[in-house]
>>> print(open('model-v4.txt').read())   # compact mmCIF, C-alpha atoms
# COMPACT_ATOMS: atom_id res chain seq x y z
CA GLU A 1 184.21 -76.21 3.63
CA PRO A 2 183.88 -79.90 2.63
CA GLU A 3 180.48 -81.44 3.24
CA VAL A 4 178.87 -84.84 3.38
CA THR A 5 176.12 -84.86 0.77
CA GLN A 6 173.02 -87.03 1.04
CA THR A 7 170.34 -87.68 -1.55
CA PRO A 8 167.41 -87.62 -1.66
CA SER A 9 166.47 -85.30 1.20
CA HIS A 10 163.07 -86.96 1.48
CA GLN A 11 161.83 -90.29 0.14
CA VAL A 12 158.40 -91.81 0.42
CA THR A 13 158.10 -95.50 -0.35
CA GLN A 14 155.52 -98.23 -0.06
CA MET A 15 155.98 -100.99 2.48
CA GLY A 16 157.87 -103.91 0.98
CA GLN A 17 159.72 -101.80 -1.59
CA GLU A 18 163.48 -101.52 -1.79
CA VAL A 19 165.11 -98.16 -1.17
CA ILE A 20 168.64 -96.93 -1.68
CA LEU A 21 169.88 -93.93 0.25
CA ARG A 22 172.91 -92.24 -1.19
CA CYS A 23 175.80 -90.38 0.40
CA VAL A 24 178.98 -88.75 -0.82
CA PRO A 25 181.40 -88.60 2.14
CA ILE A 26 184.22 -86.10 2.44
CA SER A 27 186.91 -87.20 0.02
CA ASN A 28 189.86 -87.64 2.41
CA HIS A 29 187.83 -89.29 5.17
CA LEU A 30 188.49 -92.94 5.91
CA TYR A 31 185.52 -94.12 7.98
CA PHE A 32 181.91 -94.03 6.84
CA TYR A 33 178.77 -94.50 8.90
CA TRP A 34 175.02 -94.69 8.75
CA TYR A 35 172.90 -93.59 11.69
CA ARG A 36 169.15 -93.28 11.99
CA GLN A 37 166.80 -91.21 14.12
CA ILE A 38 163.20 -92.27 14.55
CA LEU A 39 160.99 -89.24 15.14
CA GLY A 40 161.23 -88.10 18.76
CA GLN A 41 164.00 -90.56 19.62
CA LYS A 42 167.74 -90.36 19.88
CA VAL A 43 170.15 -91.01 17.06
CA GLU A 44 171.18 -94.68 16.77
CA PHE A 45 174.21 -96.24 15.13
CA LEU A 46 173.54 -98.63 12.26
CA VAL A 47 176.85 -99.49 10.63
CA SER A 48 180.42 -98.37 10.09
CA PHE A 49 182.54 -99.05 7.03
CA TYR A 50 186.32 -98.93 6.70
CA ASN A 51 188.73 -100.20 4.10
CA ASN A 52 185.89 -101.40 1.87
CA GLU A 53 184.21 -103.56 4.44
CA ILE A 54 181.81 -103.34 7.35
CA SER A 55 183.80 -102.74 10.53
CA GLU A 56 180.89 -102.77 12.95
CA LYS A 57 177.12 -103.09 12.82
CA SER A 58 174.35 -102.77 15.36
CA GLU A 59 171.58 -105.26 16.04
CA ILE A 60 169.28 -102.98 14.03
CA PHE A 61 171.36 -103.66 10.92
CA ASP A 62 169.85 -107.02 10.01
CA ASP A 63 169.73 -108.89 6.70
CA GLN A 64 167.34 -106.31 5.27
CA PHE A 65 170.11 -103.72 5.29
CA SER A 66 173.27 -103.55 3.21
CA VAL A 67 175.92 -100.95 2.47
CA GLU A 68 178.16 -100.41 -0.50
CA ARG A 69 180.88 -98.10 -1.68
CA PRO A 70 180.51 -98.84 -5.37
CA ASP A 71 182.85 -96.33 -6.97
CA GLY A 72 185.20 -94.80 -4.40
CA SER A 73 183.05 -91.72 -3.83
CA ASN A 74 179.48 -92.84 -3.13
CA PHE A 75 178.40 -94.71 -0.02
CA THR A 76 174.93 -96.26 -0.13
CA LEU A 77 172.51 -97.82 2.32
CA LYS A 78 170.00 -100.26 0.88
CA ILE A 79 166.90 -101.46 2.66
CA ARG A 80 165.61 -104.50 0.78
CA SER A 81 162.00 -104.69 1.88
CA THR A 82 160.94 -101.66 3.85
CA LYS A 83 158.71 -101.87 6.90
CA LEU A 84 156.64 -99.12 8.52
CA GLU A 85 159.11 -99.04 11.40
CA ASP A 86 161.95 -98.13 9.02
CA SER A 87 160.46 -94.65 8.78
CA ALA A 88 163.15 -92.37 10.19
CA MET A 89 165.76 -89.79 9.36
CA TYR A 90 168.89 -91.52 8.08
CA PHE A 91 172.20 -89.74 8.52
CA CYS A 92 175.41 -90.55 6.73
CA ALA A 93 178.67 -89.49 8.39
CA SER A 94 182.34 -89.74 7.61
CA SER A 95 185.39 -89.30 9.76
CA ARG A 96 189.14 -89.04 9.71
CA PRO A 97 191.09 -89.18 12.96
CA GLY A 98 193.06 -86.13 14.04
CA GLN A 99 190.96 -83.44 12.41
CA GLY A 100 189.03 -82.16 15.43
CA PRO A 101 185.23 -81.83 15.35
CA ARG A 102 185.23 -81.37 11.59
CA GLY A 103 186.94 -84.73 11.40
CA TYR A 104 183.53 -86.28 12.09
CA THR A 105 180.96 -84.78 9.75
CA PHE A 106 177.30 -85.55 9.23
CA GLY A 107 175.19 -85.14 6.14
CA SER A 108 171.90 -83.28 6.34
CA GLY A 109 169.94 -86.52 6.35
CA THR A 110 167.35 -88.37 4.28
CA ARG A 111 163.87 -88.49 5.74
CA LEU A 112 162.42 -91.89 4.80
CA THR A 113 158.68 -92.33 5.09
CA VAL A 114 157.28 -95.83 4.60
CA VAL A 115 153.54 -95.94 3.89
CA LYS B 1 170.90 -98.07 31.92
CA ASN B 2 171.68 -95.62 29.13
CA GLU B 3 175.35 -95.28 28.29
CA VAL B 4 174.99 -91.51 27.82
CA GLU B 5 172.74 -89.40 30.03
CA GLN B 6 172.04 -85.73 29.44
CA SER B 7 170.42 -83.16 31.65
CA PRO B 8 168.24 -81.27 31.54
CA GLN B 9 165.95 -82.71 28.86
CA ASN B 10 164.38 -79.30 28.26
CA LEU B 11 165.73 -75.87 29.03
CA THR B 12 164.14 -72.46 28.55
CA ALA B 13 166.31 -69.39 29.09
CA GLN B 14 166.02 -65.66 28.68
CA GLU B 15 168.27 -63.99 26.16
CA GLY B 16 171.61 -63.17 27.75
CA GLU B 17 171.54 -65.94 30.32
CA PHE B 18 174.44 -68.34 30.93
CA ILE B 19 173.42 -71.89 30.02
CA THR B 20 174.87 -75.21 31.11
CA ILE B 21 174.02 -78.63 29.69
CA ASN B 22 175.45 -81.71 31.35
CA CYS B 23 176.43 -85.11 30.04
CA SER B 24 177.44 -88.23 31.97
CA TYR B 25 178.59 -91.45 30.42
CA SER B 26 179.28 -94.91 31.75
CA VAL B 27 181.68 -96.41 29.21
CA GLY B 28 185.32 -95.91 28.31
CA ILE B 29 185.69 -93.41 25.51
CA SER B 30 188.29 -92.09 23.11
CA ALA B 31 186.46 -88.78 22.66
CA LEU B 32 183.24 -86.95 23.44
CA HIS B 33 181.35 -84.88 20.89
CA TRP B 34 178.92 -82.06 21.40
CA LEU B 35 176.53 -81.69 18.48
CA GLN B 36 173.77 -79.29 17.54
CA GLN B 37 170.59 -80.29 15.74
CA HIS B 38 168.22 -77.70 14.32
CA PRO B 39 164.52 -78.24 13.60
CA GLY B 40 165.28 -79.14 9.98
CA GLY B 41 167.13 -82.16 11.36
CA GLY B 42 170.73 -81.58 10.25
CA ILE B 43 173.49 -82.36 12.76
CA VAL B 44 176.47 -80.06 13.19
CA SER B 45 179.53 -81.00 15.20
CA LEU B 46 180.44 -78.30 17.74
CA PHE B 47 183.26 -79.83 19.76
CA MET B 48 185.30 -82.97 20.05
CA LEU B 49 187.00 -83.40 23.42
CA SER B 50 189.29 -85.98 24.91
CA SER B 51 190.47 -83.87 27.84
CA GLY B 52 190.26 -80.42 29.39
CA LYS B 53 188.35 -77.54 27.92
CA LYS B 54 187.65 -76.03 24.49
CA LYS B 55 186.14 -72.69 23.54
CA HIS B 56 184.60 -71.49 20.31
CA GLY B 57 182.97 -68.08 20.37
CA ARG B 58 180.31 -68.11 23.08
CA LEU B 59 180.46 -71.88 23.48
CA ILE B 60 182.66 -73.66 26.01
CA ALA B 61 182.94 -77.41 26.47
CA THR B 62 184.67 -79.17 29.34
CA ILE B 63 185.31 -82.80 30.15
CA ASN B 64 186.40 -84.63 33.30
CA ILE B 65 187.57 -88.07 32.22
CA GLN B 66 187.91 -89.42 35.78
CA GLU B 67 184.32 -88.46 36.63
CA LYS B 68 183.01 -89.41 33.16
CA HIS B 69 181.26 -86.06 32.87
CA SER B 70 181.16 -83.22 30.36
CA SER B 71 179.43 -79.85 30.25
CA LEU B 72 178.52 -77.50 27.45
CA HIS B 73 178.19 -73.86 28.38
CA ILE B 74 176.68 -71.05 26.33
CA THR B 75 177.51 -67.53 27.44
CA ALA B 76 175.26 -64.55 26.59
CA SER B 77 172.62 -66.81 25.07
CA HIS B 78 170.67 -65.64 22.05
CA PRO B 79 167.42 -66.86 20.44
CA ARG B 80 169.44 -68.21 17.51
CA ASP B 81 171.05 -70.67 19.97
CA SER B 82 167.67 -72.43 20.21
CA ALA B 83 168.25 -76.01 19.06
CA VAL B 84 168.74 -79.52 20.37
CA TYR B 85 172.20 -80.07 21.87
CA ILE B 86 173.42 -83.63 21.85
CA CYS B 87 176.27 -85.30 23.65
CA ALA B 88 177.76 -88.34 21.94
CA VAL B 89 180.67 -90.52 23.00
CA ARG B 90 183.11 -92.28 20.73
CA GLY B 91 184.71 -95.54 21.64
CA PRO B 92 187.62 -97.42 20.12
CA THR B 93 185.59 -98.47 17.06
CA ASN B 94 184.78 -94.85 16.13
CA LYS B 95 181.00 -95.25 16.28
CA LEU B 96 179.14 -92.60 18.25
CA VAL B 97 176.71 -93.43 21.05
CA PHE B 98 174.26 -90.59 21.44
CA GLY B 99 172.48 -89.06 24.37
CA ALA B 100 168.82 -88.16 24.08
CA GLY B 101 169.57 -84.46 23.61
CA THR B 102 168.65 -81.27 25.44
CA ILE B 103 166.02 -79.07 23.83
CA LEU B 104 167.08 -75.47 24.37
CA ARG B 105 164.79 -72.53 23.81
CA VAL B 106 166.13 -69.02 24.31
CA LYS B 107 163.45 -66.34 24.57
CA SER B 108 164.03 -62.72 23.62
>>> encode(input="model-v4.txt", output="structure tokens")
Amino acid sequence: EPEVTQTPSHQVTQMGQEVILRCVPISNHLYFYWYRQILGQKVEFLVSFYNNEISEKSEIFDDQFSVERPDGSNFTLKIRSTKLEDSAMYFCASSRPGQGPRGYTFGSGTRLTVV
Amino acid sequence: KNEVEQSPQNLTAQEGEFITINCSYSVGISALHWLQQHPGGGIVSLFMLSSGKKKHGRLIATINIQEKHSSLHITASHPRDSAVYICAVRGPTNKLVFGAGTILRVKS
């Protein structure tokens, strides 16, 4: 069954460093998303991406964040200068309307720890 | 006020019991998702509903659009059902708004 693949599974970085989280969405999906979950809290929407541009972003997604789909298969989230409060699990998801629950699929997440 | 409210927050059941988790939402939606999150953190989509009722194995999900309410039922619960169950609603922009989750523990 097709999967959304995220790498790395765990990343530790120093405060102020740039990080890039990588995702390979399901190939025939059209919408791509990043969500995050701070430990003990609920999952929060960061950004959605459709037709090679951001379609919606939350207030969390400030100038420190950016997304890219550089080559038609990868979908990346970059955090330019990490802060302690960026420590969280980051989930990539992709969706395609009309495919039931599997039409909205999450990756297994990248646990980002900022020290 | 949270857009998506789940109850209960925590639920402990004996193996074999019938379990119900409730979700209420306050916004217009195009669909409601029930998701499962295991301790490792991965999220699995169980159901996507826009009306009525769906069943998959021992899991049943229902939605009442007029009342803005959905329920997830687990019949004949088993310890392997222990996980966090999350309700999330999808609006016209396709983003999901998540509830806080229900932590389910099924004891043998």
>>> interface_residues(input="model-v4.txt", of="chain B", to="chain A", cutoff="9 Å", atoms="all atoms listed in the file", output="list in words")
His33, Trp34, Gly40, Gly41, Gly42, Ile43, Val44, Ser45, Leu46, Phe47, Met48, Leu49, Thr93, Asn94, Lys95, Leu96, Val97, Phe98, Gly99, Ala100 and Gly101 of chain B
>>> axis_aligned_box(input="model-v4.txt", around="region 77-82 of chain B", padding_each_side="4 Å", output="lines of an AutoDock Vina configuration file")
center_x = 170.0
center_y = -69.0
center_z = 21.3
size_x = 13.2
size_y = 14.8
size_z = 15.6
>>> atom_distance(input="model-v4.txt", atom1="CA of Thr113 (chain A)", atom2="CA of Gln6 (chain B)")
28.5 Å
>>> atom_distance(input="model-v4.txt", atom1="CA of Asn74 (chain A)", atom2="CA of Val24 (chain A)")
4.7 Å
>>> closest_residue(input="model-v4.txt", among="B:Ile21, B:Ile29, B:Ile74, B:Val84", to="Glu5 (chain B)", atoms="all atoms listed in the file")
B:Ile21
>>> atom_distance(input="model-v4.txt", atom1="CA of Ser24 (chain B)", atom2="CA of Lys107 (chain B)")
27.0 Å
>>> closest_residue(input="model-v4.txt", among="A:Leu39, A:Pro2, A:Asn52, A:Ile20", to="Asp71 (chain A)", atoms="only C-alpha atoms")
A:Asn52
>>> residues_near_point(input="model-v4.txt", point="(167.0, -109.1, 6.9)", cutoff="9 Å", atoms="only C-alpha atoms", output="list in words")
Phe61, Asp62, Asp63, Gln64, Phe65, Ile79, Arg80 and Ser81 of chain A
>>> write_last_selection(input="model-v4.txt", atoms="C-alpha atoms", output="compact mmCIF listing (two decimals), in the coordinates of the input")
# COMPACT_ATOMS: atom_id res chain seq x y z
CA PHE A 61 171.36 -103.66 10.92
CA ASP A 62 169.85 -107.02 10.01
CA ASP A 63 169.73 -108.89 6.70
CA GLN A 64 167.34 -106.31 5.27
CA PHE A 65 170.11 -103.72 5.29
CA ILE A 79 166.90 -101.46 2.66
CA ARG A 80 165.61 -104.50 0.78
CA SER A 81 162.00 -104.69 1.88
>>> residues_around(input="model-v4.txt", residues="region 8-19 of chain B", least_positions_apart="6", cutoff="12 Å", atoms="all atoms listed in the file", output="PyMOL selection string")
(chain A and resi 42) or (chain B and resi 58-61+71-87+99-108)
>>> write_last_selection(input="model-v4.txt", atoms="C-alpha atoms", output="compact mmCIF listing (two decimals), in the frame of the given file")
# COMPACT_ATOMS: atom_id res chain seq x y z
CA LYS A 42 167.74 -90.36 19.88
CA ARG B 58 180.31 -68.11 23.08
CA LEU B 59 180.46 -71.88 23.48
CA ILE B 60 182.66 -73.66 26.01
CA ALA B 61 182.94 -77.41 26.47
CA SER B 71 179.43 -79.85 30.25
CA LEU B 72 178.52 -77.50 27.45
CA HIS B 73 178.19 -73.86 28.38
CA ILE B 74 176.68 -71.05 26.33
CA THR B 75 177.51 -67.53 27.44
CA ALA B 76 175.26 -64.55 26.59
CA SER B 77 172.62 -66.81 25.07
CA HIS B 78 170.67 -65.64 22.05
CA PRO B 79 167.42 -66.86 20.44
CA ARG B 80 169.44 -68.21 17.51
CA ASP B 81 171.05 -70.67 19.97
CA SER B 82 167.67 -72.43 20.21
CA ALA B 83 168.25 -76.01 19.06
CA VAL B 84 168.74 -79.52 20.37
CA TYR B 85 172.20 -80.07 21.87
CA ILE B 86 173.42 -83.63 21.85
CA CYS B 87 176.27 -85.30 23.65
CA GLY B 99 172.48 -89.06 24.37
CA ALA B 100 168.82 -88.16 24.08
CA GLY B 101 169.57 -84.46 23.61
CA THR B 102 168.65 -81.27 25.44
CA ILE B 103 166.02 -79.07 23.83
CA LEU B 104 167.08 -75.47 24.37
CA ARG B 105 164.79 -72.53 23.81
CA VAL B 106 166.13 -69.02 24.31
CA LYS B 107 163.45 -66.34 24.57
CA SER B 108 164.03 -62.72 23.62
>>> closest_residue(input="model-v4.txt", among="B:Ser7, B:Asn64, B:Gln37, B:Ser26", to="Ser51 (chain B)", atoms="all atoms listed in the file")
B:Asn64
>>> residues_near_point(input="model-v4.txt", point="(177.2, -104.0, 0.8)", cutoff="9 Å", atoms="all atoms listed in the file", output="JSON list (two decimals) with C-alpha atoms, in the frame of the given file")
[["chain", "number", "residue", "atom", "x", "y", "z"],
["A", 53, "GLU", "CA", 184.21, -103.56, 4.44],
["A", 54, "ILE", "CA", 181.81, -103.34, 7.35],
["A", 65, "PHE", "CA", 170.11, -103.72, 5.29],
["A", 66, "SER", "CA", 173.27, -103.55, 3.21],
["A", 67, "VAL", "CA", 175.92, -100.95, 2.47],
["A", 68, "GLU", "CA", 178.16, -100.41, -0.50],
["A", 69, "ARG", "CA", 180.88, -98.10, -1.68],
["A", 70, "PRO", "CA", 180.51, -98.84, -5.37],
["A", 76, "THR", "CA", 174.93, -96.26, -0.13],
["A", 77, "LEU", "CA", 172.51, -97.82, 2.32],
["A", 78, "LYS", "CA", 170.00, -100.26, 0.88]]
>>> decode(input="model-v4.txt", residues="region 12-27 of chain A", atoms="all heavy atoms", output="mmCIF file, in the first residue's frame")
data_model
loop_
_atom_site.group_PDB
_atom_site.id
_atom_site.type_symbol
_atom_site.label_atom_id
_atom_site.label_comp_id
_atom_site.auth_asym_id
_atom_site.auth_seq_id
_atom_site.Cartn_x
_atom_site.Cartn_y
_atom_site.Cartn_z
ATOM 1 N N VAL A 12 18.279 15.961 15.882
ATOM 2 C CA VAL A 12 18.651 16.839 16.984
ATOM 3 C C VAL A 12 19.481 17.969 16.399
ATOM 4 O O VAL A 12 20.398 17.732 15.615
ATOM 5 C CB VAL A 12 19.470 16.084 18.055
ATOM 6 C CG1 VAL A 12 19.835 17.030 19.195
ATOM 7 C CG2 VAL A 12 18.702 14.882 18.579
ATOM 8 N N THR A 13 19.145 19.195 16.741
ATOM 9 C CA THR A 13 19.852 20.337 16.186
ATOM 10 C C THR A 13 20.076 21.389 17.265
ATOM 11 O O THR A 13 19.334 21.450 18.263
ATOM 12 C CB THR A 13 19.073 20.941 15.001
ATOM 13 O OG1 THR A 13 19.891 21.914 14.352
ATOM 14 C CG2 THR A 13 17.797 21.622 15.463
ATOM 15 N N GLN A 14 21.079 22.209 17.047
ATOM 16 C CA GLN A 14 21.337 23.281 18.008
ATOM 17 C C GLN A 14 20.478 24.492 17.673
ATOM 18 O O GLN A 14 20.202 24.779 16.493
ATOM 19 C CB GLN A 14 22.817 23.668 17.950
ATOM 20 C CG GLN A 14 23.737 22.582 18.465
ATOM 21 C CD GLN A 14 24.937 23.166 19.191
ATOM 22 O OE1 GLN A 14 25.472 24.173 18.751
ATOM 23 N NE2 GLN A 14 25.359 22.548 20.278
ATOM 24 N N MET A 15 20.072 25.194 18.691
ATOM 25 C CA MET A 15 19.288 26.408 18.518
ATOM 26 C C MET A 15 19.990 27.357 17.553
ATOM 27 O O MET A 15 21.217 27.524 17.621
ATOM 28 C CB MET A 15 19.151 27.085 19.892
ATOM 29 C CG MET A 15 18.120 28.158 19.979
ATOM 30 S SD MET A 15 17.808 28.629 21.691
ATOM 31 C CE MET A 15 19.420 28.949 22.317
ATOM 32 N N GLY A 16 19.224 27.911 16.633
ATOM 33 C CA GLY A 16 19.791 28.834 15.650
ATOM 34 C C GLY A 16 20.209 28.180 14.351
ATOM 35 O O GLY A 16 20.457 28.876 13.365
ATOM 36 N N GLN A 17 20.283 26.852 14.334
ATOM 37 C CA GLN A 17 20.653 26.144 13.104
ATOM 38 C C GLN A 17 19.446 25.976 12.191
ATOM 39 O O GLN A 17 18.294 25.987 12.629
ATOM 40 C CB GLN A 17 21.232 24.769 13.436
ATOM 41 C CG GLN A 17 22.542 24.806 14.196
ATOM 42 C CD GLN A 17 23.648 25.444 13.387
ATOM 43 O OE1 GLN A 17 23.944 25.010 12.273
ATOM 44 N NE2 GLN A 17 24.271 26.497 13.924
ATOM 45 N N GLU A 18 19.741 25.802 10.926
ATOM 46 C CA GLU A 18 18.704 25.519 9.936
ATOM 47 C C GLU A 18 18.476 24.014 9.853
ATOM 48 O O GLU A 18 19.432 23.235 9.942
ATOM 49 C CB GLU A 18 19.158 26.044 8.577
ATOM 50 C CG GLU A 18 18.221 25.683 7.424
ATOM 51 C CD GLU A 18 18.774 26.142 6.085
ATOM 52 O OE1 GLU A 18 18.733 27.349 5.803
ATOM 53 O OE2 GLU A 18 19.251 25.275 5.308
ATOM 54 N N VAL A 19 17.219 23.618 9.720
ATOM 55 C CA VAL A 19 16.928 22.204 9.494
ATOM 56 C C VAL A 19 16.006 22.062 8.298
ATOM 57 O O VAL A 19 15.197 22.950 8.012
ATOM 58 C CB VAL A 19 16.269 21.522 10.723
ATOM 59 C CG1 VAL A 19 17.216 21.468 11.892
ATOM 60 C CG2 VAL A 19 14.967 22.188 11.095
ATOM 61 N N ILE A 20 16.148 20.954 7.609
ATOM 62 C CA ILE A 20 15.260 20.612 6.507
ATOM 63 C C ILE A 20 14.674 19.244 6.784
ATOM 64 O O ILE A 20 15.409 18.262 6.960
ATOM 65 C CB ILE A 20 16.004 20.612 5.151
ATOM 66 C CG1 ILE A 20 16.527 22.017 4.850
ATOM 67 C CG2 ILE A 20 15.049 20.155 4.039
ATOM 68 C CD1 ILE A 20 17.355 22.106 3.581
ATOM 69 N N LEU A 21 13.358 19.193 6.840
ATOM 70 C CA LEU A 21 12.654 17.932 7.027
ATOM 71 C C LEU A 21 12.117 17.502 5.665
ATOM 72 O O LEU A 21 11.546 18.312 4.928
ATOM 73 C CB LEU A 21 11.498 18.096 8.024
ATOM 74 C CG LEU A 21 11.852 18.757 9.355
ATOM 75 C CD1 LEU A 21 10.648 18.780 10.276
ATOM 76 C CD2 LEU A 21 13.035 18.104 10.014
ATOM 77 N N ARG A 22 12.290 16.223 5.378
ATOM 78 C CA ARG A 22 11.971 15.754 4.033
ATOM 79 C C ARG A 22 10.797 14.777 4.031
ATOM 80 O O ARG A 22 10.620 13.992 4.960
ATOM 81 C CB ARG A 22 13.195 15.085 3.416
ATOM 82 C CG ARG A 22 14.370 16.020 3.324
ATOM 83 C CD ARG A 22 15.602 15.395 2.687
ATOM 84 N NE ARG A 22 16.768 16.246 2.896
ATOM 85 C CZ ARG A 22 17.060 17.317 2.167
ATOM 86 N NH1 ARG A 22 16.273 17.662 1.171
ATOM 87 N NH2 ARG A 22 18.129 18.038 2.433
ATOM 88 N N CYS A 23 10.056 14.815 2.946
ATOM 89 C CA CYS A 23 8.856 13.987 2.812
ATOM 90 C C CYS A 23 8.731 13.574 1.356
ATOM 91 O O CYS A 23 9.011 14.370 0.443
ATOM 92 C CB CYS A 23 7.640 14.815 3.243
ATOM 93 S SG CYS A 23 6.035 14.077 2.894
ATOM 94 N N VAL A 24 8.315 12.327 1.149
ATOM 95 C CA VAL A 24 7.926 11.898 -0.191
ATOM 96 C C VAL A 24 6.449 11.528 -0.107
ATOM 97 O O VAL A 24 6.087 10.506 0.473
ATOM 98 C CB VAL A 24 8.751 10.697 -0.674
ATOM 99 C CG1 VAL A 24 8.281 10.272 -2.068
ATOM 100 C CG2 VAL A 24 10.230 11.038 -0.696
ATOM 101 N N PRO A 25 5.570 12.385 -0.645
ATOM 102 C CA PRO A 25 4.129 12.102 -0.591
ATOM 103 C C PRO A 25 3.768 10.944 -1.521
ATOM 104 O O PRO A 25 4.586 10.484 -2.317
ATOM 105 C CB PRO A 25 3.496 13.410 -1.084
ATOM 106 C CG PRO A 25 4.584 14.431 -1.049
ATOM 107 C CD PRO A 25 5.857 13.693 -1.237
ATOM 108 N N ILE A 26 2.532 10.500 -1.429
ATOM 109 C CA ILE A 26 2.038 9.470 -2.342
ATOM 110 C C ILE A 26 1.941 10.072 -3.747
ATOM 111 O O ILE A 26 1.464 11.197 -3.919
ATOM 112 C CB ILE A 26 0.679 8.926 -1.852
ATOM 113 C CG1 ILE A 26 0.917 8.154 -0.549
ATOM 114 C CG2 ILE A 26 0.019 8.044 -2.904
ATOM 115 C CD1 ILE A 26 -0.328 7.653 0.128
ATOM 116 N N SER A 27 2.371 9.300 -4.721
ATOM 117 C CA SER A 27 2.667 9.880 -6.045
ATOM 118 C C SER A 27 1.445 10.478 -6.744
ATOM 119 O O SER A 27 1.580 11.449 -7.472
ATOM 120 C CB SER A 27 3.316 8.837 -6.944
ATOM 121 O OG SER A 27 2.450 7.733 -7.111
#
